[in-house]
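Colleague: The file below is work_5.cif, mmCIF, C-alpha atoms:
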```cif
data_structure
loop_
_atom_site.label_atom_id
_atom_site.label_comp_id
_atom_site.auth_asym_id
_atom_site.auth_seq_id
_atom_site.Cartn_x
_atom_site.Cartn_y
_atom_site.Cartn_z
CA MET I 1 20.69 -8.19 17.90
CA THR I 2 18.98 -10.38 20.52
CA LYS I 3 15.44 -11.29 19.49
CA LEU I 4 12.62 -10.74 21.94
CA LYS I 5 10.71 -13.88 22.90
CA ASN I 6 8.60 -12.60 25.76
CA PRO I 7 4.85 -12.93 24.94
CA PHE I 8 4.41 -9.48 26.46
CA PHE I 9 6.10 -8.12 23.34
CA ILE I 10 4.80 -10.62 20.81
CA VAL I 11 1.06 -10.59 21.65
CA PRO I 12 0.42 -6.84 21.04
CA VAL I 13 2.20 -7.14 17.68
CA LEU I 14 0.03 -10.15 16.81
CA LEU I 15 -3.06 -8.16 17.81
CA SER I 16 -2.20 -5.71 15.03
CA PHE I 17 -2.81 -8.55 12.56
CA PHE I 18 -6.33 -8.91 13.96
CA VAL I 19 -6.80 -5.19 13.31
CA MET I 20 -5.36 -5.77 9.83
CA SER I 21 -8.27 -8.13 9.09
CA PHE I 22 -10.77 -5.28 9.37
CA LEU I 23 -10.15 -4.42 5.71
CA ASP I 24 -12.15 -7.54 4.84
CA LEU I 25 -15.23 -5.59 5.94
CA VAL I 26 -15.36 -4.27 2.37
CA GLY I 27 -17.40 -7.34 1.39
CA ILE I 28 -19.92 -6.78 4.15
CA GLY I 29 -19.93 -3.07 3.34
CA VAL I 30 -20.86 -3.63 -0.30
CA ASP I 31 -23.74 -5.97 0.59
CA ARG I 32 -25.16 -4.06 3.55
CA VAL I 33 -24.71 -0.51 2.24
CA SER I 34 -26.31 -1.45 -1.09
CA SER I 35 -29.36 -2.72 0.80
CA ASP I 36 -29.57 0.01 3.46
CA LEU I 37 -29.06 3.03 1.21
CA ASN I 38 -30.62 1.57 -1.95
CA ILE I 39 -27.32 1.95 -3.81
CA ASP I 40 -26.81 0.19 -7.14
CA ALA I 41 -24.45 -2.80 -6.75
CA SER I 42 -22.05 -1.48 -9.39
CA LEU I 43 -21.83 1.90 -7.63
CA ALA I 44 -21.22 0.14 -4.31
CA GLN I 45 -18.03 -1.34 -5.81
CA LEU I 46 -16.51 2.07 -5.12
CA ILE I 47 -16.20 0.86 -1.51
CA PRO I 48 -13.39 -1.68 -2.12
CA SER I 49 -11.86 0.69 -4.67
CA ALA I 50 -11.71 3.43 -2.03
CA ALA I 51 -9.92 1.03 0.31
CA PHE I 52 -7.46 -0.78 -1.97
CA LEU I 53 -6.31 2.26 -3.96
CA TRP I 54 -4.07 3.35 -1.09
CA PHE I 55 -1.85 0.30 -1.24
CA LEU I 56 -0.62 1.45 -4.63
CA LEU I 57 -0.21 5.09 -3.60
CA LEU I 58 1.13 4.88 -0.04
CA SER I 59 3.02 1.63 0.49
CA VAL I 60 6.43 2.84 -0.68
CA PRO I 61 6.12 6.26 1.04
CA VAL I 62 5.17 4.49 4.27
CA GLY I 63 8.22 2.24 3.87
CA VAL I 64 10.37 5.37 3.57
CA LEU I 65 8.78 6.94 6.68
CA GLN I 66 9.16 3.66 8.55
CA ALA I 67 12.90 3.70 7.99
CA LYS I 68 13.02 7.20 9.49
CA TYR I 69 10.54 6.98 12.38
CA GLY I 70 10.42 3.27 13.23
CA LYS I 71 8.06 0.35 12.70
CA LYS I 72 6.23 0.51 16.04
CA ARG I 73 5.40 4.21 15.71
CA LEU I 74 4.07 3.80 12.17
CA LEU I 75 2.10 0.69 13.16
CA ASN I 76 0.34 2.59 15.94
CA ILE I 77 -0.47 5.45 13.56
CA GLY I 78 -1.96 2.94 11.13
CA MET I 79 -4.18 1.35 13.78
CA LEU I 80 -5.33 4.77 14.97
CA VAL I 81 -6.30 5.80 11.41
CA THR I 82 -8.12 2.45 11.12
CA ALA I 83 -10.10 3.24 14.26
CA VAL I 84 -11.16 6.63 12.86
CA GLY I 85 -12.13 5.00 9.56
CA LEU I 86 -14.37 2.53 11.39
CA LEU I 87 -16.03 5.12 13.59
CA VAL I 88 -16.85 7.58 10.78
CA PRO I 89 -19.55 5.42 9.09
CA PHE I 90 -20.89 4.32 12.47
CA PHE I 91 -21.68 7.86 13.59
CA PHE I 92 -22.32 9.42 10.15
CA TYR I 93 -24.08 6.88 7.94
CA SER I 94 -24.33 8.03 4.35
CA PHE I 95 -22.73 6.74 1.18
CA ALA I 96 -20.24 9.63 1.12
CA MET I 97 -19.25 8.96 4.74
CA VAL I 98 -18.99 5.22 4.06
CA LEU I 99 -16.57 5.94 1.20
CA MET I 100 -14.59 8.28 3.46
CA GLY I 101 -14.54 5.69 6.23
CA PHE I 102 -13.32 2.92 3.96
CA ALA I 103 -10.72 5.24 2.42
CA LEU I 104 -9.36 5.87 5.93
CA LEU I 105 -9.60 2.13 6.61
CA GLY I 106 -7.51 1.50 3.49
CA ILE I 107 -4.95 4.14 4.47
CA GLY I 108 -4.66 2.71 7.98
CA ASN I 109 -4.46 -0.84 6.69
CA THR I 110 -1.71 0.08 4.25
CA ILE I 111 0.39 1.47 7.09
CA ILE I 112 -0.34 -1.57 9.27
CA GLN I 113 0.64 -4.06 6.58
CA VAL I 114 3.90 -2.26 5.82
CA SER I 115 4.90 -2.03 9.49
CA ALA I 116 3.44 -5.10 11.22
CA ASN I 117 5.25 -7.78 9.21
CA PRO I 118 8.83 -6.54 9.75
CA LEU I 119 8.07 -5.63 13.39
CA LEU I 120 6.91 -9.21 14.01
CA ILE I 121 10.23 -10.46 12.64
CA ASP I 122 11.94 -8.15 15.15
CA VAL I 123 10.20 -9.76 18.14
CA VAL I 124 10.61 -13.45 17.31
CA SER I 125 13.65 -15.70 16.97
CA SER I 126 15.16 -15.65 13.48
CA ASN I 127 14.55 -19.38 12.99
CA ARG I 128 10.84 -18.87 13.69
CA ALA I 129 10.26 -16.03 11.22
CA SER I 130 8.33 -18.03 8.60
CA SER I 131 6.20 -19.95 11.11
CA SER I 132 5.45 -16.75 13.04
CA MET I 133 4.41 -14.99 9.83
CA SER I 134 2.02 -17.85 9.07
CA PHE I 135 0.61 -17.74 12.60
CA SER I 136 0.05 -13.99 12.22
CA GLN I 137 -2.07 -14.76 9.16
CA PHE I 138 -4.02 -17.23 11.30
CA ILE I 139 -4.83 -14.34 13.65
CA LYS I 140 -5.85 -12.22 10.65
CA ALA I 141 -8.05 -15.04 9.31
CA ILE I 142 -9.92 -15.20 12.63
CA GLY I 143 -10.82 -11.54 12.26
CA SER I 144 -11.93 -12.09 8.66
CA MET I 145 -14.17 -14.98 9.70
CA LEU I 146 -15.76 -13.12 12.60
CA GLY I 147 -16.94 -10.14 10.53
CA PRO I 148 -19.95 -11.64 8.69
CA PRO I 149 -21.46 -13.54 11.65
CA LEU I 150 -20.95 -10.57 13.99
CA ALA I 151 -22.66 -8.23 11.54
CA ALA I 152 -25.59 -10.67 11.33
CA LEU I 153 -25.68 -11.01 15.12
CA PHE I 154 -25.77 -7.25 15.74
CA ALA I 155 -28.43 -6.82 13.06
CA ALA I 156 -30.60 -9.55 14.63
CA LYS I 157 -30.13 -8.55 18.29
CA PHE I 158 -29.92 -4.77 18.06
CA GLY I 159 -31.26 -3.98 14.59
CA ASP I 160 -27.99 -2.32 13.58
CA TRP I 161 -25.16 -4.24 11.88
CA LYS I 162 -22.99 -1.09 12.07
CA ILE I 163 -22.30 -1.84 15.75
CA LEU I 164 -19.57 -4.01 14.23
CA PHE I 165 -17.79 -0.79 13.20
CA LEU I 166 -17.94 0.47 16.78
CA VAL I 167 -16.65 -2.79 18.28
CA TYR I 168 -13.79 -3.09 15.80
CA GLY I 169 -12.98 0.60 16.25
CA LEU I 170 -12.64 0.11 20.02
CA VAL I 171 -10.48 -2.98 19.46
CA SER I 172 -8.19 -0.86 17.26
CA ILE I 173 -7.84 1.77 19.99
CA LEU I 174 -7.08 -0.96 22.55
CA ALA I 175 -4.39 -2.34 20.24
CA VAL I 176 -2.81 1.12 19.96
CA ALA I 177 -2.73 1.53 23.75
CA TRP I 178 -1.27 -1.95 24.32
CA LEU I 179 1.47 -1.69 21.70
CA GLY I 180 2.30 1.82 22.86
CA SER I 181 2.85 0.56 26.41
CA VAL I 182 5.65 -1.88 25.51
CA LYS I 183 9.23 -1.04 24.64
CA ILE I 184 10.55 -2.88 21.59
CA THR I 185 14.13 -2.68 20.39
CA GLU I 186 13.80 -2.65 16.63
CA SER I 187 16.44 -4.04 14.31
CA VAL I 188 18.58 -1.37 12.69
CA SER I 189 18.97 -1.80 8.96
CA LYS I 190 22.47 -1.49 7.51
CA GLU I 191 21.09 -0.16 4.25
CA GLU I 192 20.98 3.49 3.39
CA ARG I 193 17.70 5.06 4.45
CA ALA I 194 15.02 3.90 2.01
CA SER I 195 13.88 6.39 -0.60
CA PHE I 196 11.52 6.20 -3.55
CA LEU I 197 14.43 5.67 -5.90
CA SER I 198 16.20 3.08 -3.77
CA SER I 199 12.96 1.16 -3.23
CA PHE I 200 12.06 0.91 -6.90
CA ARG I 201 15.69 0.23 -7.82
CA LEU I 202 15.37 -3.09 -5.98
CA LEU I 203 12.97 -4.27 -8.69
CA LYS I 204 15.99 -4.59 -10.96
CA THR I 205 16.89 -7.65 -8.90
CA ARG I 206 15.00 -10.51 -10.56
CA PHE I 207 14.36 -12.41 -7.32
CA ILE I 208 12.80 -9.39 -5.61
CA ALA I 209 10.76 -8.42 -8.69
CA LEU I 210 9.29 -11.92 -8.98
CA MET I 211 8.48 -12.06 -5.28
CA VAL I 212 6.77 -8.66 -5.38
CA LEU I 213 4.77 -9.79 -8.41
CA SER I 214 3.88 -12.96 -6.47
CA ILE I 215 2.28 -10.79 -3.78
CA PHE I 216 0.33 -8.93 -6.48
CA VAL I 217 -0.94 -12.23 -7.88
CA VAL I 218 -1.74 -14.05 -4.63
CA VAL I 219 -3.72 -11.09 -3.25
CA GLY I 220 -5.55 -10.93 -6.57
CA ILE I 221 -6.40 -14.62 -6.23
CA ASP I 222 -7.59 -14.11 -2.66
CA VAL I 223 -9.84 -11.13 -3.37
CA GLY I 224 -10.86 -12.51 -6.76
CA PHE I 225 -12.07 -15.83 -5.38
CA ASN I 226 -13.73 -14.13 -2.42
CA SER I 227 -15.65 -11.70 -4.62
CA ASN I 228 -16.53 -14.02 -7.52
CA SER I 229 -17.09 -17.42 -5.89
CA GLY I 230 -20.72 -16.67 -5.00
CA GLN I 231 -21.79 -15.97 -8.59
CA PHE I 232 -19.71 -18.91 -9.82
CA LEU I 233 -21.35 -21.36 -7.43
CA MET I 234 -24.83 -20.09 -8.31
CA ASN I 235 -24.29 -20.23 -12.06
CA SER I 236 -22.13 -23.34 -12.33
CA TYR I 237 -23.41 -25.41 -9.42
CA GLY I 238 -27.03 -24.23 -9.37
CA MET I 239 -26.89 -23.13 -5.73
CA GLY I 240 -29.23 -20.61 -4.15
CA GLN I 241 -27.84 -17.22 -3.16
CA VAL I 242 -27.59 -17.87 0.59
CA GLU I 243 -26.04 -21.29 0.03
CA ALA I 244 -23.51 -19.90 -2.46
CA GLU I 245 -22.54 -16.93 -0.29
CA SER I 246 -21.79 -19.28 2.61
CA GLY I 247 -18.87 -20.50 0.51
CA ARG I 248 -17.07 -17.35 1.60
CA SER I 249 -17.09 -18.55 5.21
CA ILE I 250 -15.82 -21.98 4.15
CA TYR I 251 -13.01 -20.31 2.22
CA PHE I 252 -11.96 -18.21 5.22
CA PHE I 253 -12.19 -21.28 7.44
CA GLY I 254 -9.79 -23.05 5.11
CA LYS I 255 -7.43 -20.07 5.27
CA MET I 256 -7.61 -20.02 9.05
CA LEU I 257 -6.72 -23.70 9.40
CA GLY I 258 -4.11 -23.35 6.68
CA THR I 259 -2.24 -20.62 8.51
CA LEU I 260 -2.38 -22.56 11.79
CA THR I 261 -1.07 -25.80 10.27
CA GLY I 262 1.42 -23.83 8.20
CA ALA I 263 2.92 -22.31 11.32
CA ILE I 264 3.50 -25.84 12.64
CA ILE I 265 4.77 -27.33 9.37
CA LEU I 266 7.24 -24.49 8.84
CA THR I 267 9.04 -25.33 12.08
CA ARG I 268 10.27 -28.49 10.29
CA PHE I 269 10.17 -27.87 6.55
CA SER I 270 11.70 -25.37 4.09
CA SER I 271 9.74 -22.18 3.37
CA ARG I 272 10.46 -22.50 -0.35
CA LYS I 273 9.23 -26.09 -0.53
CA MET I 274 6.10 -25.05 1.35
CA TYR I 275 5.56 -22.29 -1.23
CA LEU I 276 5.86 -24.80 -4.08
CA TRP I 277 3.44 -27.34 -2.60
CA SER I 278 0.94 -24.61 -1.72
CA ALA I 279 0.87 -23.55 -5.37
CA VAL I 280 0.49 -27.17 -6.53
CA LEU I 281 -2.42 -27.73 -4.13
CA GLY I 282 -4.10 -24.54 -5.31
CA ILE I 283 -3.79 -25.57 -8.97
CA LEU I 284 -5.30 -28.99 -8.31
CA ALA I 285 -8.16 -27.43 -6.32
CA ILE I 286 -9.09 -24.92 -9.05
CA VAL I 287 -9.00 -27.67 -11.70
CA LEU I 288 -11.32 -29.81 -9.57
CA LEU I 289 -13.62 -26.83 -8.95
CA LEU I 290 -14.00 -26.33 -12.68
CA ALA I 291 -14.50 -30.06 -13.31
CA PHE I 292 -16.96 -31.15 -10.60
CA LYS I 293 -20.57 -29.93 -10.43
CA THR I 294 -21.92 -31.23 -7.11
CA PRO I 295 -22.49 -28.90 -4.11
CA MET I 296 -20.66 -31.22 -1.70
CA ALA I 297 -17.60 -31.19 -3.97
CA ALA I 298 -17.83 -27.39 -4.11
CA TRP I 299 -17.69 -27.08 -0.31
CA VAL I 300 -14.69 -29.38 -0.02
CA ILE I 301 -12.80 -27.78 -2.91
CA THR I 302 -13.51 -24.24 -1.68
CA PHE I 303 -12.07 -25.23 1.70
CA VAL I 304 -8.97 -26.68 0.01
CA ILE I 305 -8.45 -23.48 -2.02
CA GLY I 306 -8.43 -21.48 1.21
CA LEU I 307 -6.02 -24.02 2.70
CA ALA I 308 -3.67 -23.72 -0.28
CA ILE I 309 -3.66 -19.92 -0.51
CA ALA I 310 -3.33 -19.32 3.23
CA ASN I 311 0.45 -19.34 3.59
CA ILE I 312 1.70 -17.99 0.27
CA PHE I 313 1.68 -14.31 1.30
CA PRO I 314 3.69 -14.79 4.52
CA LEU I 315 5.99 -17.31 2.81
CA VAL I 316 6.87 -14.91 -0.01
CA PHE I 317 7.49 -12.06 2.44
CA ALA I 318 9.63 -14.14 4.82
CA ILE I 319 11.66 -15.75 2.01
CA THR I 320 12.47 -12.36 0.49
CA VAL I 321 13.42 -10.44 3.63
CA GLN I 322 15.52 -13.37 4.85
CA LYS I 323 17.46 -13.34 1.57
CA PHE I 324 17.81 -9.52 1.59
CA PRO I 325 17.65 -8.53 5.31
CA ASP I 326 19.41 -5.21 4.73
CA HIS I 327 16.57 -4.05 2.48
CA MET I 328 13.68 -5.00 4.76
CA ASN I 329 11.99 -1.58 4.83
CA ALA I 330 12.09 -1.04 1.08
CA ILE I 331 10.97 -4.62 0.35
CA SER I 332 8.10 -4.28 2.81
CA GLY I 333 6.92 -1.12 1.05
CA LEU I 334 7.13 -2.72 -2.40
CA MET I 335 5.26 -5.84 -1.32
CA MET I 336 2.49 -3.91 0.37
CA MET I 337 2.15 -1.79 -2.77
CA ALA I 338 1.61 -5.05 -4.65
CA ILE I 339 -1.53 -5.69 -2.57
CA CYS I 340 -3.25 -3.50 -5.17
CA GLY I 341 -3.49 -6.76 -7.09
CA GLY I 342 -6.72 -7.16 -5.15
CA ALA I 343 -8.11 -4.25 -7.14
CA VAL I 344 -6.87 -5.49 -10.55
CA ILE I 345 -7.39 -9.25 -10.86
CA PRO I 346 -11.04 -9.40 -9.64
CA PRO I 347 -12.26 -6.98 -12.37
CA LEU I 348 -10.24 -9.02 -14.86
CA ILE I 349 -12.13 -12.14 -13.76
CA GLY I 350 -15.38 -10.22 -14.14
CA TRP I 351 -14.46 -9.01 -17.63
CA VAL I 352 -13.47 -12.50 -18.82
CA THR I 353 -16.70 -13.87 -17.36
CA PHE I 354 -18.70 -11.17 -19.18
CA ILE I 355 -17.21 -11.90 -22.59
CA SER I 356 -17.26 -15.71 -22.15
CA ASN I 357 -18.62 -17.56 -19.10
CA ASN I 358 -18.00 -18.30 -15.42
CA VAL I 359 -15.65 -21.21 -16.12
CA PHE I 360 -13.27 -19.08 -18.18
CA GLY I 361 -13.53 -16.31 -15.60
CA MET I 362 -12.46 -18.58 -12.76
CA ALA I 363 -9.76 -20.05 -15.01
CA VAL I 364 -7.96 -16.72 -14.62
CA LEU I 365 -7.17 -17.91 -11.08
CA LEU I 366 -5.63 -21.06 -12.55
CA LEU I 367 -3.26 -18.98 -14.68
CA CYS I 368 -2.31 -16.94 -11.63
CA LEU I 369 -1.53 -20.09 -9.64
CA LEU I 370 0.59 -21.45 -12.50
CA PHE I 371 2.63 -18.25 -12.30
CA LEU I 372 3.10 -18.75 -8.55
CA LEU I 373 4.21 -22.34 -9.19
CA ALA I 374 6.82 -21.12 -11.68
CA VAL I 375 8.16 -18.55 -9.20
CA SER I 376 8.29 -21.13 -6.39
CA ILE I 377 10.36 -23.46 -8.61
CA TYR I 378 12.68 -20.55 -9.43
CA ALA I 379 13.08 -19.69 -5.72
CA LEU I 380 13.84 -23.30 -4.86
CA LYS I 381 16.48 -23.50 -7.60
CA GLN I 382 18.07 -20.28 -6.34
CA GLU I 383 18.33 -21.77 -2.86
CA LYS I 384 20.08 -24.87 -4.24
CA ILE I 385 22.48 -22.71 -6.28
CA ASN I 386 23.34 -20.65 -3.18
CA LYS I 387 23.98 -23.76 -1.12
CA HIS I 388 26.17 -25.21 -3.88
CA ASP I 389 28.19 -22.00 -4.16
CA ALA I 390 28.61 -21.91 -0.37
#
```
Is it possible to give me this structure as structure tokens?

Modeller:
Amino acid sequence: MTKLKNPFFIVPVLLSFFVMSFLDLVGIGVDRVSSDLNIDASLAQLIPSAAFLWFLLLSVPVGVLQAKYGKKRLLNIGMLVTAVGLLVPFFFYSFAMVLMGFALLGIGNTIIQVSANPLLIDVVSSNRASSSMSFSQFIKAIGSMLGPPLAALFAAKFGDWKILFLVYGLVSILAVAWLGSVKITESVSKEERASFLSSFRLLKTRFIALMVLSIFVVVGIDVGFNSNSGQFLMNSYGMGQVEAESGRSIYFFGKMLGTLTGAIILTRFSSRKMYLWSAVLGILAIVLLLAFKTPMAAWVITFVIGLAIANIFPLVFAITVQKFPDHMNAISGLMMMAICGGAVIPPLIGWVTFISNNVFGMAVLLLCLLFLLAVSIYALKQEKINKHDA
């Protein structure tokens, strides 16, 4: 099949990754809703739970539906559900409606993540798949970075941070209209239509199982660092609350630059080597974070952690679908299901912190990165074996 290279096709698909970033509003939602509605902080944690639960429940079914109805159609449905999820808490602001809104946001985001990644591969040249996936994460990182300052801006200028929901909801509707207006010839998989059984059967293949587990772990690292770094910096570095919470922006800034530079680097270097060195950089950064106790060091190291983590998700996805292109739909569903790692590893960090201290809690991230390093070495060895056999 001839790959589409016209920006007219590529840009609306990339815009869906900006819409994908709206799930990161869960952090803002927890903070703002707790304050506005006088909700206990522990109860407010139901907000991310309401959003991330759907990755476990719906990713594989969406992959099955995608094989039947097409990536573009499912992607537009996902962005439309996202728009509804954003508008519900804007017009009906209560804790119940916030939970409903974020549940819809999670459902929509699950569909988007399953469909957007393989559709992007359909509209770019095959030799640009990895770099394009990294650039798509750069677009997503921009959306993640814009959320907190926009919420603060709307609160300061108009006295209502929830205007952010309205703006992002309208952007989602615009993305639906734009993508719906273009005609994309999707790749046709040679595999039998994906089913629940055929999707989970792929986990018997060691390479696929390890890559799916890598997604589970790297998303857990991402959400875990994002949600726990503030308390860690306050307790271990003696920072004030505002100063510590600003680390979140530095982390997202590192991710944004990481995805941009990754897209450039991957035009020249192997995806599997990039995966390995990203894991090594992340390990070194976490070790330094646990060792140093000065605020300036914390800022720099937090930035480097974002830089290291930025490309692992798109690298793992691209490496896997390129090795097993005839199972793209099923693999996409399995990997998006693994995003539920964002709902598992952060509580684990919190539990370890509770029974010990912040250092041991954050050390959970170090163990996760060591796992990713081991998988990256395995993937690199498999590539060398395949080349030798060829």

Colleague: Determine the residue set returned by the PyMOL selection byres ((chain I and resi 333) around 6) for the present structure, and present it as a PyMOL selection string.

Modeller: chain I and resi 59-60+63+114+330-332+334-336

Colleague: Fewer than 6 positions away in the same chain doesn't count, so skip those; otherwise give me all residues within 8 Å of region 284-287 of chain I, counting all atoms listed in the file, as an MDAnalysis selection string.

Modeller: chainID I and resid 301:302 304:305 363 365:366

Colleague: Name the residues that the PyMOL selection byres ((chain I and resi 11-16) around 8) picks from the file above, as a PyMOL selection string, using the file's chain letters and numbers.

Modeller: chain I and resi 7-10+17-20+75+79+112+116+119-120+136+139+175+178-179

Colleague: Could you check which of I:Met296, I:Ala151, I:Ile265, I:Leu213 is closest to Ala374 (chain I), using only C-alpha atoms?

Modeller: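 Nearest to Ala374 (chain I): I:Leu213.
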
Colleague: Grab the CA of Leu373 (chain I) to CA of Leu288 (chain I) distance for me, in Å with one decimal place.

Modeller: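 Atom-to-atom, CA of Leu373 (chain I) and CA of Leu288 (chain I) are spaced 17.2 Å apart.
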
Colleague: Record the distance separating CA of Lys255 (chain I) and CA of Ala141 (chain I), expressed in Å with one decimal.

Modeller: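 Between CA of Lys255 (chain I) and CA of Ala141 (chain I) the gap works out to 6.5 Å.
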
Colleague: Please indicate the distance in Å from CA of Ser132 (chain I) to CA of Pro346 (chain I), rounded to one decimal place.

Modeller: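 Answer for the CA of Ser132 (chain I) to CA of Pro346 (chain I) separation: 29.0 Å.
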
Colleague: Would you translate the PyMOL selection byres ((chain I and resi 274-278) around 10) into the concrete set of residues it matches in this file, as a ChimeraX atom specification?

Modeller: /I:258,262,265-266,269-273,279-283,305,307-316,319,369,372-380

Colleague: Which residues are near Ala318 (chain I)? Cut-off 9 Å, all atoms listed in the file, ignore same chain within fewer than 4 positions. Put them as a PyMOL selection string.

Modeller: chain I and resi 117+121+129-130+133+271+313-314+322-323

Colleague: Could you save the residues just selected, with C-alpha atoms, as an mmCIF file, in the frame of the given file?

Modeller:
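Output contents, as saved in part-v5.cif:
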```
data_model
loop_
_atom_site.group_PDB
_atom_site.id
_atom_site.type_symbol
_atom_site.label_atom_id
_atom_site.label_comp_id
_atom_site.auth_asym_id
_atom_site.auth_seq_id
_atom_site.Cartn_x
_atom_site.Cartn_y
_atom_site.Cartn_z
ATOM 1 C CA ASN I 117 5.250 -7.780 9.210
ATOM 2 C CA ILE I 121 10.230 -10.460 12.640
ATOM 3 C CA ALA I 129 10.260 -16.030 11.220
ATOM 4 C CA SER I 130 8.330 -18.030 8.600
ATOM 5 C CA MET I 133 4.410 -14.990 9.830
ATOM 6 C CA SER I 271 9.740 -22.180 3.370
ATOM 7 C CA PHE I 313 1.680 -14.310 1.300
ATOM 8 C CA PRO I 314 3.690 -14.790 4.520
ATOM 9 C CA GLN I 322 15.520 -13.370 4.850
ATOM 10 C CA LYS I 323 17.460 -13.340 1.570
#
```

Colleague: Taking only C-alpha atoms into account, which of I:Arg32, I:Phe55, I:Arg73, I:Pro295 comes nearest Asn235 (chain I)?

Modeller: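 Selected residue with least distance to Asn235 (chain I): I:Pro295.
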
Colleague: Of the candidates I:Ile163, I:Val300, I:Ala103, I:Ile208, which shows the shortest atom-to-atom distance to His327 (chain I), using all atoms listed in the file?

Modeller: I:Ile208

Colleague: Using only C-alpha atoms for the distances, tell me which of I:Val30, I:Ser115, I:Phe165, I:Gly143 is nearest to Leu86 (chain I).

Modeller: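 Looking only at the distances to Leu86 (chain I), the closest residue turns out to be I:Phe165.
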
Colleague: Restricting the calculation to all atoms listed in the file: of I:Pro61, I:Gly147, I:Pro118, I:Gly341, which residue gets closest to Leu23 (chain I)?

Modeller: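 Using all atoms listed in the file, the shortest distance to Leu23 (chain I) belongs to I:Gly147.
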